[in-house]
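Structure below is structure.txt: compact mmCIF, C-alpha atoms.
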```txt
# COMPACT_ATOMS: atom_id res chain seq x y z
CA MET A 1 49.73 -19.02 -14.20
CA PRO A 2 49.91 -16.51 -11.31
CA ARG A 3 48.74 -13.01 -12.10
CA SER A 4 51.39 -10.35 -12.47
CA ARG A 5 51.41 -7.40 -10.10
CA SER A 6 50.35 -5.09 -12.89
CA GLN A 7 47.38 -7.33 -13.73
CA ALA A 8 46.43 -7.48 -10.06
CA ARG A 9 46.52 -3.68 -9.88
CA ARG A 10 44.35 -3.41 -13.01
CA ASP A 11 41.87 -5.88 -11.61
CA ALA A 12 41.71 -3.99 -8.31
CA HIS A 13 41.20 -0.72 -10.16
CA THR A 14 38.41 -2.24 -12.26
CA ALA A 15 36.69 -3.63 -9.15
CA ALA A 16 36.94 -0.27 -7.40
CA THR A 17 35.53 1.54 -10.43
CA ARG A 18 32.67 -0.95 -10.67
CA ALA A 19 31.86 -0.47 -6.98
CA GLU A 20 31.84 3.32 -7.39
CA ILE A 21 29.50 3.09 -10.37
CA ILE A 22 27.14 0.77 -8.50
CA GLU A 23 27.07 3.03 -5.45
CA ALA A 24 26.44 6.11 -7.60
CA ALA A 25 23.63 4.33 -9.43
CA ALA A 26 22.07 3.11 -6.18
CA VAL A 27 22.01 6.62 -4.70
CA LEU A 28 20.52 8.19 -7.83
CA MET A 29 17.93 5.47 -8.39
CA ARG A 30 16.75 5.75 -4.79
CA GLU A 31 16.45 9.53 -5.20
CA ARG A 32 15.09 9.77 -8.75
CA GLY A 33 13.72 6.33 -9.58
CA TYR A 34 14.77 4.09 -12.44
CA VAL A 35 13.25 6.17 -15.23
CA GLY A 36 14.62 9.43 -13.82
CA THR A 37 18.19 8.15 -13.62
CA SER A 38 20.25 8.37 -16.80
CA ILE A 39 23.56 6.68 -17.45
CA ALA A 40 25.06 10.13 -18.00
CA ALA A 41 23.95 11.13 -14.49
CA ILE A 42 25.47 7.96 -13.04
CA ALA A 43 28.72 8.67 -14.85
CA ASP A 44 28.76 12.23 -13.55
CA ARG A 45 28.14 11.21 -9.96
CA GLY A 46 30.62 8.34 -10.16
CA GLY A 47 33.30 10.48 -11.73
CA VAL A 48 33.72 8.25 -14.77
CA ALA A 49 33.06 8.45 -18.49
CA VAL A 50 29.81 7.08 -19.89
CA GLN A 51 31.76 4.60 -21.99
CA THR A 52 33.48 3.33 -18.85
CA ILE A 53 30.06 2.34 -17.49
CA TYR A 54 29.22 0.44 -20.66
CA ASN A 55 32.63 -1.26 -20.65
CA THR A 56 32.54 -2.11 -16.93
CA ILE A 57 28.88 -3.07 -16.36
CA GLY A 58 26.74 -2.52 -19.44
CA SER A 59 23.23 -1.19 -20.04
CA LYS A 60 21.00 0.54 -17.49
CA ALA A 61 19.17 -2.72 -16.88
CA GLU A 62 22.50 -4.42 -16.18
CA ILE A 63 23.42 -1.57 -13.83
CA LEU A 64 20.22 -2.12 -11.86
CA ALA A 65 20.99 -5.85 -11.75
CA ALA A 66 24.39 -5.02 -10.26
CA VAL A 67 22.81 -2.63 -7.76
CA LEU A 68 20.31 -5.29 -6.71
CA ALA A 69 23.04 -7.94 -6.40
CA ALA A 70 25.05 -5.62 -4.16
CA ALA A 71 21.97 -4.88 -2.04
CA ASP A 72 21.14 -8.58 -1.73
CA HIS A 73 24.71 -9.32 -0.68
CA ARG A 74 24.47 -6.76 2.13
CA THR A 75 20.83 -7.03 3.16
CA GLY A 76 18.84 -9.49 1.10
CA PRO A 77 17.68 -13.05 1.72
CA GLY A 78 21.02 -14.46 0.68
CA ARG A 79 22.92 -12.57 3.37
CA ALA A 80 24.53 -14.95 5.90
CA VAL A 81 21.81 -17.59 5.52
CA HIS A 82 24.19 -20.10 7.07
CA GLU A 83 24.38 -17.90 10.16
CA LEU A 84 20.59 -17.71 10.37
CA VAL A 85 20.29 -21.49 10.01
CA SER A 86 22.84 -21.97 12.79
CA ARG A 87 20.93 -19.62 15.09
CA LEU A 88 17.61 -21.31 14.33
CA THR A 89 18.98 -24.75 15.15
CA GLU A 90 20.47 -23.43 18.40
CA ALA A 91 17.29 -21.62 19.52
CA ALA A 92 15.98 -22.65 22.91
CA SER A 93 12.36 -22.98 21.73
CA GLY A 94 10.15 -22.79 18.69
CA SER A 95 8.88 -19.41 19.83
CA ALA A 96 12.44 -18.11 20.04
CA ALA A 97 13.24 -19.52 16.58
CA PHE A 98 10.25 -17.79 15.00
CA GLY A 99 11.28 -14.56 16.71
CA LEU A 100 14.78 -14.84 15.26
CA LEU A 101 13.43 -15.54 11.79
CA ALA A 102 10.99 -12.61 11.99
CA LEU A 103 13.76 -10.23 13.05
CA TRP A 104 16.00 -11.41 10.20
CA LEU A 105 13.27 -11.00 7.60
CA ALA A 106 12.13 -7.62 8.93
CA ASP A 107 15.68 -6.28 9.00
CA GLY A 108 16.25 -7.37 5.41
CA ASN A 109 13.04 -5.71 4.25
CA GLN A 110 13.86 -2.49 6.10
CA ARG A 111 17.33 -2.22 4.59
CA ALA A 112 16.40 -3.24 1.07
CA ALA A 113 13.11 -1.32 0.78
CA PRO A 114 14.49 1.68 -1.17
CA ILE A 115 16.09 -0.37 -3.94
CA ARG A 116 13.15 -2.78 -4.04
CA ARG A 117 10.88 0.16 -4.90
CA VAL A 118 13.20 0.95 -7.81
CA LEU A 119 13.06 -2.66 -8.98
CA THR A 120 9.25 -2.70 -8.90
CA GLU A 121 9.09 0.53 -10.91
CA ALA A 122 11.57 -0.72 -13.49
CA ALA A 123 9.87 -4.12 -13.84
CA GLY A 124 6.71 -2.36 -14.94
CA ILE A 125 8.38 -0.94 -18.05
CA ASP A 126 11.31 -3.23 -18.88
CA PRO A 127 10.92 -6.97 -19.70
CA GLU A 128 14.57 -7.56 -18.84
CA ILE A 129 13.98 -6.15 -15.36
CA ARG A 130 10.84 -8.27 -14.95
CA GLU A 131 13.04 -11.33 -15.42
CA LEU A 132 15.46 -9.90 -12.88
CA GLU A 133 12.58 -9.48 -10.43
CA ARG A 134 11.58 -13.12 -10.93
CA SER A 135 15.16 -14.25 -10.33
CA SER A 136 15.29 -12.22 -7.13
CA ALA A 137 12.07 -13.84 -5.93
CA ALA A 138 13.51 -17.28 -6.67
CA ARG A 139 16.58 -16.51 -4.55
CA SER A 140 14.33 -15.34 -1.72
CA LEU A 141 12.32 -18.54 -1.90
CA HIS A 142 15.49 -20.62 -1.80
CA ALA A 143 16.64 -18.82 1.36
CA CYS A 144 13.23 -19.52 2.91
CA SER A 145 13.69 -23.21 2.06
CA GLU A 146 16.92 -23.32 4.05
CA ALA A 147 15.15 -21.79 7.04
CA VAL A 148 12.40 -24.40 6.72
CA GLU A 149 14.91 -27.25 6.81
CA ALA A 150 16.41 -25.86 10.01
CA LEU A 151 13.01 -25.37 11.65
CA ARG A 152 11.76 -28.83 10.72
CA SER A 153 14.90 -30.61 11.92
CA ARG A 154 14.94 -28.75 15.25
CA PHE A 155 11.29 -28.22 16.17
CA GLY A 156 9.14 -29.88 13.51
CA LEU A 157 6.45 -28.19 11.44
CA ARG A 158 2.67 -28.35 11.31
CA ALA A 159 1.40 -31.78 10.32
CA GLY A 160 0.75 -32.15 6.62
CA LEU A 161 2.76 -29.06 5.68
CA SER A 162 5.35 -29.79 2.98
CA ASP A 163 8.70 -28.03 2.83
CA HIS A 164 7.63 -26.28 -0.38
CA GLU A 165 4.43 -25.00 1.24
CA ALA A 166 6.30 -23.87 4.34
CA ALA A 167 8.91 -21.97 2.31
CA ALA A 168 6.17 -20.34 0.23
CA SER A 169 4.38 -19.29 3.44
CA ILE A 170 7.50 -17.58 4.79
CA TRP A 171 8.14 -15.93 1.43
CA ALA A 172 4.57 -14.63 1.16
CA LEU A 173 4.37 -13.30 4.72
CA ALA A 174 7.70 -11.49 4.40
CA HIS A 175 7.19 -10.27 0.83
CA PRO A 176 8.66 -6.79 0.27
CA GLN A 177 5.31 -5.52 -1.00
CA ALA A 178 3.65 -6.45 2.29
CA PHE A 179 6.39 -4.53 4.12
CA GLN A 180 5.91 -1.56 1.78
CA THR A 181 2.16 -1.46 2.38
CA LEU A 182 2.17 -2.04 6.14
CA VAL A 183 5.25 -0.09 7.22
CA VAL A 184 5.86 2.55 4.56
CA ASP A 185 2.31 3.27 3.39
CA LEU A 186 0.26 2.58 6.54
CA GLY A 187 2.87 3.66 9.06
CA TRP A 188 3.29 0.51 11.13
CA SER A 189 6.31 0.64 13.42
CA GLY A 190 9.14 -1.78 12.88
CA GLU A 191 8.31 -3.47 16.18
CA THR A 192 4.64 -3.93 15.22
CA TYR A 193 5.57 -5.36 11.83
CA THR A 194 8.12 -7.75 13.32
CA GLU A 195 5.67 -9.03 15.93
CA TRP A 196 2.98 -9.46 13.27
CA LEU A 197 5.48 -11.43 11.21
CA ARG A 198 6.50 -13.62 14.17
CA SER A 199 2.88 -14.37 15.00
CA GLY A 200 2.06 -15.13 11.38
CA LEU A 201 5.03 -17.45 10.96
CA ALA A 202 4.18 -19.33 14.14
CA GLY A 203 0.51 -19.60 13.21
CA VAL A 204 1.23 -21.06 9.79
CA LEU A 205 4.26 -23.23 10.53
CA SER A 206 4.27 -24.32 14.17
CA PRO A 207 3.31 -27.89 15.05
CA GLU A 208 1.73 -26.61 18.26
CA ARG A 209 0.23 -23.42 19.62
CA LEU A 210 3.11 -21.21 20.74
CA PRO A 211 2.72 -18.90 23.71
CA ALA A 212 2.46 -15.18 23.03
CA ARG A 213 5.45 -13.12 24.02
```

Target format structure tokens, applied to this file:
Amino acid sequence: MPRSRSQARRDAHTAATRAEIIEAAAVLMRERGYVGTSIAAIADRGGVAVQTIYNTIGSKAEILAAVLAAADHRTGPGRAVHELVSRLTEAASGSAAFGLLALWLADGNQRAAPIRRVLTEAAGIDPEIRELERSSAARSLHACSEAVEALRSRFGLRAGLSDHEAAASIWALAHPQAFQTLVVDLGWSGETYTEWLRSGLAGVLSPERLPAR
């Protein structure tokens, strides 16, 4: 049965309210951390009642899950994977393909770094968030698997390297914690990190020695 106009308006209002709550939570958690952000503060910033948050999303852990899902949709490993795969298969050379993959991974880490720090903090104190962190890692690994399929079909991979091993290699090299340590803590530039990532990917995955850029 088609939805009535009034139901459509209610659904749109609910979606808008949910988006406002998620954005408010994301801003506060980036500023104050997971522990330092209360549901009351989220409600205040989002301009809604506390009960509205519980009714619309749920507990603080569920709010963080929603924040992470929104961040992954915009910047995470699931973002436009089909577009990445298309670009990898159309790359002129293996070196160019590894450069494209490194740029994609580096950009995702750069954009998602603030909320990833919140997730790591929360996972240390909340078992529910630890499970969320594991689920996020699984999604990242799946995205890496799709990249591996594209690379193998177009350029081949190092002899003896299975798809599972190749995906795990990409995932490990581009892990958010490595980005945090190298770029945020040690002050590497984005360009240096991206080139390190490209070189590492090529060294582990390439069936032949690729020329340096």

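Counting only C-alpha atoms, the residue from A:Ile42, A:Leu103, A:Val50, A:Ala166 that sits nearest to Glu146 in chain A is A:Ala166.
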
>> I want to know what sits within 12 Å of range 59-62 of chain A, based on only C-alpha atoms, with residues of the same chain fewer than 3 positions away left out; could you give that as a PyMOL selection string?
In response: chain A and resi 21-22+25-26+29+34-43+50-56+65-69+118-119+122-123+125-133

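Minimum atom-to-atom distance to Gln180 in chain A, evaluated using all atoms listed in the file, belongs to A:Ala113 out of A:Ala113, A:Ser86, A:Gly47, A:Leu64.
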
Between range 51-145 of chain A and range 151-157 of chain A, at 10 Å or less, what are the per-residue closest atom pairs and their distances in Å? Count only C-alpha atoms, order by chain and rising residue number, and return it as a tab-separated table.
```
residue	atom	partner	partner_atom	distance
A:Val85	CA	A:Leu151	CA	8.4
A:Leu88	CA	A:Leu151	CA	6.7
A:Thr89	CA	A:Arg154	CA	5.7
A:Glu90	CA	A:Arg154	CA	8.3
A:Ala91	CA	A:Arg154	CA	8.6
A:Ala92	CA	A:Arg154	CA	9.8
A:Ser93	CA	A:Phe155	CA	7.7
A:Gly94	CA	A:Phe155	CA	6.1
A:Ser95	CA	A:Phe155	CA	9.8
A:Ala97	CA	A:Leu151	CA	7.7
A:Phe98	CA	A:Leu151	CA	8.7
A:Leu101	CA	A:Leu151	CA	9.8
A:Ser145	CA	A:Leu151	CA	9.9
```

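Nearest to Asp107 in chain A of all the residues A:Thr14, A:Gly187, A:Gln7, A:Pro176 is A:Pro176, counting only C-alpha atoms.
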